[in-house]
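Here is final13.csv, consisting of CSV, C-alpha atoms:
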```
chain,number,residue,atom,x,y,z
A,179,MET,CA,-40.9,-79.8,-1.0
A,180,THR,CA,-40.6,-80.1,2.7
A,181,GLY,CA,-41.9,-77.0,4.5
A,182,ILE,CA,-43.6,-75.5,1.4
A,183,ARG,CA,-47.4,-75.1,1.5
A,184,ILE,CA,-48.9,-76.2,-1.8
A,185,ILE,CA,-52.6,-75.6,-0.9
A,186,ARG,CA,-53.7,-72.3,0.6
A,187,PHE,CA,-57.4,-72.6,1.4
A,188,ARG,CA,-57.6,-69.0,2.6
A,189,GLU,CA,-56.6,-67.7,-0.8
A,190,TRP,CA,-59.6,-69.5,-2.3
A,191,THR,CA,-62.1,-68.7,0.4
A,192,ARG,CA,-61.0,-65.1,1.1
A,193,PRO,CA,-59.2,-63.8,-2.0
A,194,VAL,CA,-57.4,-60.4,-1.8
A,195,PRO,CA,-59.5,-57.8,-3.6
A,196,PRO,CA,-58.0,-56.4,-6.9
A,197,VAL,CA,-56.5,-52.9,-7.0
A,198,HIS,CA,-54.6,-50.7,-9.4
A,199,ARG,CA,-50.9,-51.0,-8.9
A,200,GLU,CA,-48.4,-48.4,-9.8
A,201,VAL,CA,-45.3,-49.8,-11.5
A,202,LEU,CA,-42.4,-47.7,-12.7
A,203,VAL,CA,-40.1,-49.2,-15.4
A,204,VAL,CA,-36.7,-48.3,-16.7
A,205,GLU,CA,-35.3,-50.5,-19.4
A,206,PRO,CA,-31.6,-51.0,-20.4
A,207,GLU,CA,-30.4,-49.9,-23.8
A,208,ALA,CA,-29.9,-53.5,-24.8
A,209,ASP,CA,-31.4,-56.8,-23.5
A,210,GLU,CA,-28.6,-58.9,-22.3
A,211,GLY,CA,-30.7,-61.6,-20.8
A,212,ARG,CA,-30.4,-60.6,-17.2
A,213,PRO,CA,-33.3,-61.2,-14.9
A,214,PRO,CA,-35.6,-58.2,-14.2
A,215,VAL,CA,-35.3,-56.6,-10.8
A,216,LEU,CA,-38.4,-55.6,-8.9
A,217,PHE,CA,-38.0,-53.1,-6.2
A,218,VAL,CA,-40.5,-53.1,-3.3
A,219,PRO,CA,-40.6,-50.1,-1.0
A,220,GLY,CA,-41.4,-50.1,2.7
A,221,TYR,CA,-44.5,-48.8,4.5
A,222,GLY,CA,-45.2,-45.2,3.8
A,223,HIS,CA,-42.9,-45.3,0.8
A,224,GLY,CA,-43.9,-45.4,-2.9
A,225,ALA,CA,-42.2,-46.5,-6.1
A,226,TRP,CA,-40.7,-43.0,-6.4
A,227,VAL,CA,-38.1,-43.8,-3.7
A,228,PHE,CA,-36.4,-46.1,-6.2
A,229,GLY,CA,-37.2,-43.9,-9.2
A,230,GLN,CA,-34.9,-41.2,-7.8
A,231,HIS,CA,-31.7,-43.1,-8.4
A,232,TRP,CA,-31.8,-46.9,-8.3
A,233,LEU,CA,-34.0,-47.7,-11.3
A,234,GLN,CA,-31.9,-45.7,-13.7
A,235,HIS,CA,-28.6,-47.0,-12.2
A,236,ALA,CA,-29.8,-50.7,-12.5
A,237,ALA,CA,-30.8,-50.1,-16.1
A,238,SER,CA,-27.5,-48.5,-16.9
A,239,ARG,CA,-25.9,-51.8,-15.8
A,240,GLY,CA,-28.1,-53.9,-18.0
A,241,PHE,CA,-31.0,-54.8,-15.8
A,242,SER,CA,-34.6,-54.2,-16.6
A,243,ALA,CA,-35.6,-52.3,-13.5
A,244,TYR,CA,-39.1,-52.1,-12.0
A,245,ALA,CA,-40.4,-50.4,-8.9
A,246,MET,CA,-43.9,-50.9,-7.5
A,247,SER,CA,-46.1,-49.1,-5.0
A,248,LEU,CA,-48.0,-51.4,-2.6
A,249,ARG,CA,-51.7,-50.8,-2.5
A,250,GLY,CA,-52.6,-47.6,-0.6
A,251,HIS,CA,-49.1,-46.2,-1.4
A,252,GLY,CA,-47.8,-43.9,-4.1
A,253,GLY,CA,-49.9,-44.1,-7.3
A,254,SER,CA,-51.5,-47.4,-6.4
A,255,GLY,CA,-55.2,-47.6,-5.5
A,256,PRO,CA,-56.5,-46.8,-2.0
A,257,ALA,CA,-56.6,-49.7,0.5
A,258,PRO,CA,-57.3,-48.4,4.0
A,259,LYS,CA,-57.8,-51.9,5.4
A,260,ALA,CA,-54.9,-53.6,3.7
A,261,THR,CA,-53.0,-56.3,5.5
A,262,LEU,CA,-49.6,-57.8,5.1
A,263,ARG,CA,-51.2,-60.6,3.1
A,264,ALA,CA,-52.6,-58.1,0.6
A,265,TYR,CA,-49.2,-56.5,0.2
A,266,VAL,CA,-47.6,-59.9,-0.4
A,267,HIS,CA,-50.3,-60.6,-3.0
A,268,ASP,CA,-49.4,-57.3,-4.8
A,269,VAL,CA,-45.8,-58.3,-5.1
A,270,VAL,CA,-46.5,-61.8,-6.3
A,271,GLN,CA,-48.9,-60.6,-8.9
A,272,VAL,CA,-46.6,-57.9,-10.3
A,273,ALA,CA,-43.6,-60.3,-10.3
A,274,ALA,CA,-45.7,-63.0,-12.1
A,275,GLY,CA,-46.4,-60.5,-14.9
A,276,LEU,CA,-42.8,-59.8,-15.6
A,277,PRO,CA,-41.2,-61.3,-18.8
A,278,ARG,CA,-38.7,-63.4,-16.9
A,279,ARG,CA,-38.2,-64.8,-13.4
A,280,ALA,CA,-37.3,-61.7,-11.3
A,281,VAL,CA,-35.1,-60.7,-8.5
A,282,LEU,CA,-37.2,-59.3,-5.6
A,283,VAL,CA,-35.6,-56.4,-3.7
A,284,GLY,CA,-37.5,-55.2,-0.6
A,285,HIS,CA,-36.7,-52.3,1.7
A,286,GLY,CA,-37.7,-51.8,5.3
A,287,ALA,CA,-41.1,-53.4,5.9
A,288,GLY,CA,-41.1,-54.1,2.2
A,289,ALA,CA,-38.3,-56.5,2.9
A,290,LEU,CA,-40.8,-58.4,5.2
A,291,VAL,CA,-43.3,-58.4,2.4
A,292,VAL,CA,-40.7,-59.7,0.0
A,293,ALA,CA,-39.7,-62.4,2.4
A,294,HIS,CA,-43.2,-63.7,2.4
A,295,ALA,CA,-43.5,-63.3,-1.4
A,296,LEU,CA,-40.4,-65.5,-1.8
A,297,ALA,CA,-42.5,-68.4,-0.3
A,298,ARG,CA,-45.0,-68.0,-3.1
A,299,TYR,CA,-43.0,-66.9,-6.1
A,300,PRO,CA,-40.0,-68.7,-7.6
A,301,ALA,CA,-37.7,-65.7,-7.6
A,302,ARG,CA,-34.2,-65.7,-9.2
A,303,ALA,CA,-32.9,-64.2,-6.0
A,304,GLY,CA,-34.0,-62.1,-3.0
A,305,VAL,CA,-32.5,-59.0,-1.5
A,306,LEU,CA,-33.6,-57.6,1.9
A,307,VAL,CA,-32.5,-54.0,2.4
A,308,ALA,CA,-32.7,-52.6,6.0
A,309,PRO,CA,-35.3,-55.3,6.8
A,310,VAL,CA,-38.0,-54.5,9.4
A,311,PHE,CA,-38.3,-57.9,11.0
A,312,GLY,CA,-37.9,-56.9,14.6
A,313,GLY,CA,-41.4,-56.6,16.0
A,314,TRP,CA,-41.3,-55.1,19.5
A,315,ARG,CA,-37.5,-54.7,19.4
A,316,THR,CA,-37.7,-52.5,16.3
A,317,LEU,CA,-40.6,-50.6,17.8
A,318,GLY,CA,-38.7,-49.9,21.0
A,319,ALA,CA,-35.8,-48.4,19.2
A,320,ALA,CA,-38.2,-46.2,17.1
A,321,VAL,CA,-40.0,-45.0,20.2
A,322,ARG,CA,-36.8,-44.0,21.9
A,323,ARG,CA,-35.6,-42.0,18.9
A,324,ASN,CA,-38.9,-40.6,17.7
A,325,PRO,CA,-41.8,-41.0,20.2
A,326,ALA,CA,-44.0,-38.4,18.6
A,327,GLY,CA,-43.8,-40.1,15.2
A,328,THR,CA,-44.1,-43.6,16.5
A,329,LEU,CA,-46.6,-43.9,19.3
A,330,PRO,CA,-49.7,-42.7,17.3
A,331,ALA,CA,-49.3,-45.8,15.1
A,332,LEU,CA,-50.1,-47.9,18.1
A,333,VAL,CA,-53.7,-46.5,18.2
A,334,GLY,CA,-54.3,-46.4,14.4
A,335,GLY,CA,-52.5,-43.2,13.5
A,336,ALA,CA,-49.7,-42.8,10.9
A,337,LEU,CA,-46.2,-43.9,11.5
A,338,ARG,CA,-44.1,-40.8,10.9
A,339,PRO,CA,-40.3,-41.5,10.9
A,340,SER,CA,-38.2,-38.3,11.1
A,341,ALA,CA,-35.8,-37.2,8.5
A,342,ARG,CA,-32.9,-38.0,10.7
A,343,GLN,CA,-34.2,-41.5,11.4
A,344,LEU,CA,-34.2,-42.1,7.6
A,345,PHE,CA,-31.0,-40.3,6.4
A,346,SER,CA,-27.5,-39.7,7.4
A,347,ARG,CA,-26.2,-36.2,8.0
A,348,GLU,CA,-24.4,-36.3,4.7
A,349,LEU,CA,-27.7,-35.7,3.0
A,350,PRO,CA,-28.5,-32.0,3.0
A,351,ASP,CA,-31.2,-31.0,5.5
A,352,ALA,CA,-33.5,-29.5,2.8
A,353,THR,CA,-33.4,-32.7,0.7
A,354,ALA,CA,-33.9,-34.9,3.8
A,355,ARG,CA,-37.0,-32.9,4.8
A,356,GLU,CA,-38.3,-32.9,1.2
A,357,TYR,CA,-38.1,-36.7,1.0
A,358,ALA,CA,-39.6,-37.2,4.5
A,359,GLY,CA,-42.4,-34.9,3.6
A,360,ARG,CA,-43.4,-37.1,0.6
A,361,LEU,CA,-44.0,-40.2,2.7
A,362,GLY,CA,-47.5,-41.6,3.1
A,363,ARG,CA,-48.8,-44.2,5.4
A,364,ALA,CA,-49.6,-47.9,5.5
A,365,SER,CA,-53.0,-49.1,6.7
A,366,ALA,CA,-53.4,-49.3,10.5
A,367,ARG,CA,-53.9,-53.1,10.3
A,368,ALA,CA,-50.6,-53.6,8.4
A,369,GLN,CA,-48.8,-51.3,10.9
A,370,TRP,CA,-50.1,-53.4,13.8
A,371,GLN,CA,-49.0,-56.6,12.2
A,372,LEU,CA,-45.4,-55.3,12.4
A,373,LEU,CA,-45.5,-55.7,16.1
A,374,ALA,CA,-45.7,-59.5,15.9
A,375,PRO,CA,-45.1,-60.3,12.2
A,376,PRO,CA,-45.7,-63.9,11.1
A,377,SER,CA,-42.6,-65.8,10.3
A,378,PRO,CA,-41.9,-66.1,6.6
A,379,GLU,CA,-42.1,-69.6,5.1
A,380,PRO,CA,-39.0,-71.0,3.3
A,381,PRO,CA,-38.4,-69.5,-0.1
A,382,VAL,CA,-39.6,-71.5,-3.1
A,383,GLY,CA,-36.6,-73.2,-4.8
A,384,ALA,CA,-34.1,-71.9,-2.2
A,385,PRO,CA,-32.9,-68.8,-4.2
A,386,PRO,CA,-29.9,-66.9,-3.0
A,387,VAL,CA,-30.7,-64.2,-0.5
A,388,LEU,CA,-28.7,-61.1,0.2
A,389,VAL,CA,-29.3,-59.0,3.4
A,390,LEU,CA,-27.8,-55.5,3.7
A,391,GLY,CA,-28.2,-52.4,5.8
A,392,SER,CA,-26.4,-49.9,7.9
A,393,PRO,CA,-25.1,-50.4,11.5
A,394,ASP,CA,-26.1,-46.8,12.0
A,395,ASP,CA,-29.7,-47.3,10.9
A,396,ARG,CA,-32.0,-45.4,13.4
A,397,ILE,CA,-34.9,-47.7,12.7
A,398,VAL,CA,-33.5,-51.2,12.3
A,399,PRO,CA,-31.2,-52.2,15.2
A,400,ARG,CA,-28.0,-54.0,14.2
A,401,ALA,CA,-29.2,-57.1,16.2
A,402,VAL,CA,-32.3,-57.3,14.0
A,403,LEU,CA,-30.1,-57.0,10.9
A,404,ASP,CA,-27.8,-59.8,12.1
A,405,ARG,CA,-30.7,-62.1,13.1
A,406,THR,CA,-32.5,-61.6,9.7
A,407,ALA,CA,-29.2,-62.5,7.9
A,408,ARG,CA,-28.8,-65.6,10.1
A,409,ARG,CA,-32.3,-66.8,9.1
A,410,TYR,CA,-31.0,-67.1,5.5
A,411,GLY,CA,-27.6,-68.5,6.4
A,412,VAL,CA,-25.7,-65.4,5.4
A,413,ALA,CA,-23.8,-62.4,7.0
A,414,PRO,CA,-25.2,-58.9,6.4
A,415,LEU,CA,-23.5,-56.6,4.1
A,416,LEU,CA,-23.0,-53.3,6.0
A,417,PHE,CA,-22.8,-49.7,4.9
A,418,PRO,CA,-21.6,-47.7,7.9
A,419,GLY,CA,-22.6,-44.1,8.1
A,420,MET,CA,-25.8,-44.5,6.1
A,421,GLY,CA,-29.4,-44.1,7.2
A,422,HIS,CA,-32.4,-46.3,6.9
A,423,ASP,CA,-33.4,-45.2,3.4
A,424,LEU,CA,-30.2,-46.2,1.6
A,425,MET,CA,-31.7,-45.7,-1.8
A,426,LEU,CA,-32.2,-42.0,-1.2
A,427,ASP,CA,-29.2,-41.2,1.1
A,428,ALA,CA,-26.2,-39.3,-0.1
A,429,ARG,CA,-24.2,-42.4,-0.8
A,430,TRP,CA,-27.0,-44.2,-2.6
A,431,ARG,CA,-24.7,-45.6,-5.3
A,432,GLU,CA,-22.8,-47.8,-2.9
A,433,PRO,CA,-25.6,-50.3,-1.9
A,434,ILE,CA,-27.1,-50.6,-5.4
A,435,ASP,CA,-23.7,-51.3,-6.9
A,436,ALA,CA,-23.1,-53.9,-4.2
A,437,ILE,CA,-26.5,-55.5,-5.0
A,438,LEU,CA,-25.8,-55.5,-8.8
A,439,ASP,CA,-22.3,-56.8,-8.3
A,440,TRP,CA,-23.7,-59.7,-6.2
A,441,LEU,CA,-26.3,-60.5,-8.9
A,442,ASP,CA,-23.6,-60.4,-11.6
A,443,LYS,CA,-21.5,-62.8,-9.6
A,444,ASP,CA,-24.4,-65.1,-8.9
A,445,LEU,CA,-25.5,-65.1,-12.6
A,446,ALA,CA,-22.0,-65.9,-13.7
A,447,GLY,CA,-21.9,-68.9,-11.3
```

What does the file become when written as structure tokens?
Amino acid sequence: MTGIRIIRFREWTRPVPPVHREVLVVEPEADEGRPPVLFVPGYGHGAWVFGQHWLQHAASRGFSAYAMSLRGHGGSGPAPKATLRAYVHDVVQVAAGLPRRAVLVGHGAGALVVAHALARYPARAGVLVAPVFGGWRTLGAAVRRNPAGTLPALVGGALRPSARQLFSRELPDATAREYAGRLGRASARAQWQLLAPPSPEPPVGAPPVLVLGSPDDRIVPRAVLDRTARRYGVAPLLFPGMGHDLMLDARWREPIDAILDWLDKDLAG
């Protein structure tokens, strides 16, 4: 149990307020006993980003697939003062309500949320997709590529990544603009926490962890991807030519098949 905090006094003295949480569900045709997969989107993204492709595809391969929206995102309740702790609470609460021990899949800043949730929930496995763990290094890369969409976030404004930060040029411009136009925003407090995010505690029960992303990601530098993978003692699985939002990009099928193949191999072992 070394390194795992059993008593969390802050949770007792300052509990996270309840909120309605949007959860999308796609079930497989037959229950084959596989663990459910809970997809957690990044800041500004809602459950819909997984509802476009990944939920149906995971269900077609026999997994009960769930996607949630963090508070203040998508169809979840408003939370203008939400913090990283509140987002982690949302993930743990949704995961705890699933019928079996789940696999947690987080994207972008949602991967940071999942990394913290893994210290509180005994997940079957964890998957960190294009993880935003880089603090100032990630911010610097974003400012260079999209100053107008990044700098306002430093003074409480919305973080507005551009379509070409999020997607490869393989995705048609009209589709990329449509997806980018649907993005919302995280709370200012949660955005500021990304500048110096607290280090996640060790996962409960040492579940297997997969880290994947693209070396051509215009938000997460390759060095951050490598460093995140080293934290979990693995090498990152790379998808060259893809953008940050792998689940919506033109070649969306490749990363989700890789995730599900990895899970099938782990379950067989």

Exercise. Do you have the CA of Arg279 (chain A)-CA of Trp232 (chain A) distance handy?
Worked result: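 It comes out at 19.7 Å.
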
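Nearest residue to Arg400 (chain A), choosing from A:Pro376, A:Asp423, A:Ala264, A:Ala413 and counting only C-alpha atoms: A:Ala413.
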
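Checking A:Tyr265, A:Tyr221, A:Tyr299, A:Phe345 one by one against Glu379 (chain A), counting only C-alpha atoms, you find the shortest gap at A:Tyr299.
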
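If all atoms listed in the file are the atoms counted, then among A:Pro339, A:Pro386, A:Gly252, A:Gly284 the closest residue to Arg199 (chain A) is A:Gly252.
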
Exercise. If we count all atoms listed in the file, what is near Gly411 (chain A) at a cut-off of 10 Å, once residues fewer than 4 positions away on the same chain are taken out, given as an MDAnalysis selection string?
Worked result: chainID A and resid 386:388 405:407

For this session: Enumerate, as a VMD selection string, the protein, DNA and RNA residues whose atoms approach (-54.1, -50.9, -6.8) to within 10 Å, taking into account all atoms listed in the file and the coordinate frame of the file.
Result: chain A and resid 195 to 200 247 to 257 268

Problem set entry | Val266 (chain A) surroundings by all atoms listed in the file, 10 Å radius, close-in-sequence under 5 positions cut, as a list in words | Val194, Leu248, Thr261, Gln271, Gly288, Leu290, Val291, Val292, Ala293, His294, Ala295, Leu296, Ala297 and Arg298 of chain A

Problem set entry | Nearest to His223 (chain A), chosen from A:Thr353, A:Ala245, A:Pro399, A:Gly421, with all atoms listed in the file counted in the distances | A:Ala245

Exercise. Do you have the CA of Ala287 (chain A)-CA of Asp351 (chain A) distance handy?
Worked result: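 Computing the Euclidean distance for CA of Ala287 (chain A) and CA of Asp351 (chain A) yields 24.5 Å.
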
Exercise. So which residues touch Leu390 (chain A) within 6 Å, counting all atoms listed in the file, skipping near sequence neighbours fewer than 5 positions away, as a list in words?
Worked result: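 Listed by chain and then number, they are Val307, Pro414, Leu415 and Leu416 of chain A.
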
Only C-alpha atoms, please: the residues just picked out, written as a JSON list (two decimals), in the coordinates of the input.
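Everything below was put into result30.json:
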```json
[["chain", "number", "residue", "atom", "x", "y", "z"],
["A", 307, "VAL", "CA", -32.50, -54.00, 2.40],
["A", 414, "PRO", "CA", -25.20, -58.90, 6.40],
["A", 415, "LEU", "CA", -23.50, -56.60, 4.10],
["A", 416, "LEU", "CA", -23.00, -53.30, 6.00]]
```

Exercise. Between CA of Arg302 (chain A) and CA of Glu205 (chain A), what is the distance, to one decimal in Å?
Worked result: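 That distance, rounded to one decimal, is 18.3 Å.
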
Problem set entry | Residue nearest Gln369 (chain A) among A:Leu403, A:Leu262, A:Ala303, A:Leu445 (counting all atoms listed in the file) | A:Leu262

For this session: Please check which residues have atoms at most 8 Å from (-31.4, -60.6, -19.2) in the file's coordinates, counting only C-alpha atoms, and write them as a ChimeraX atom specification.
Result: /A:209-214,240-242
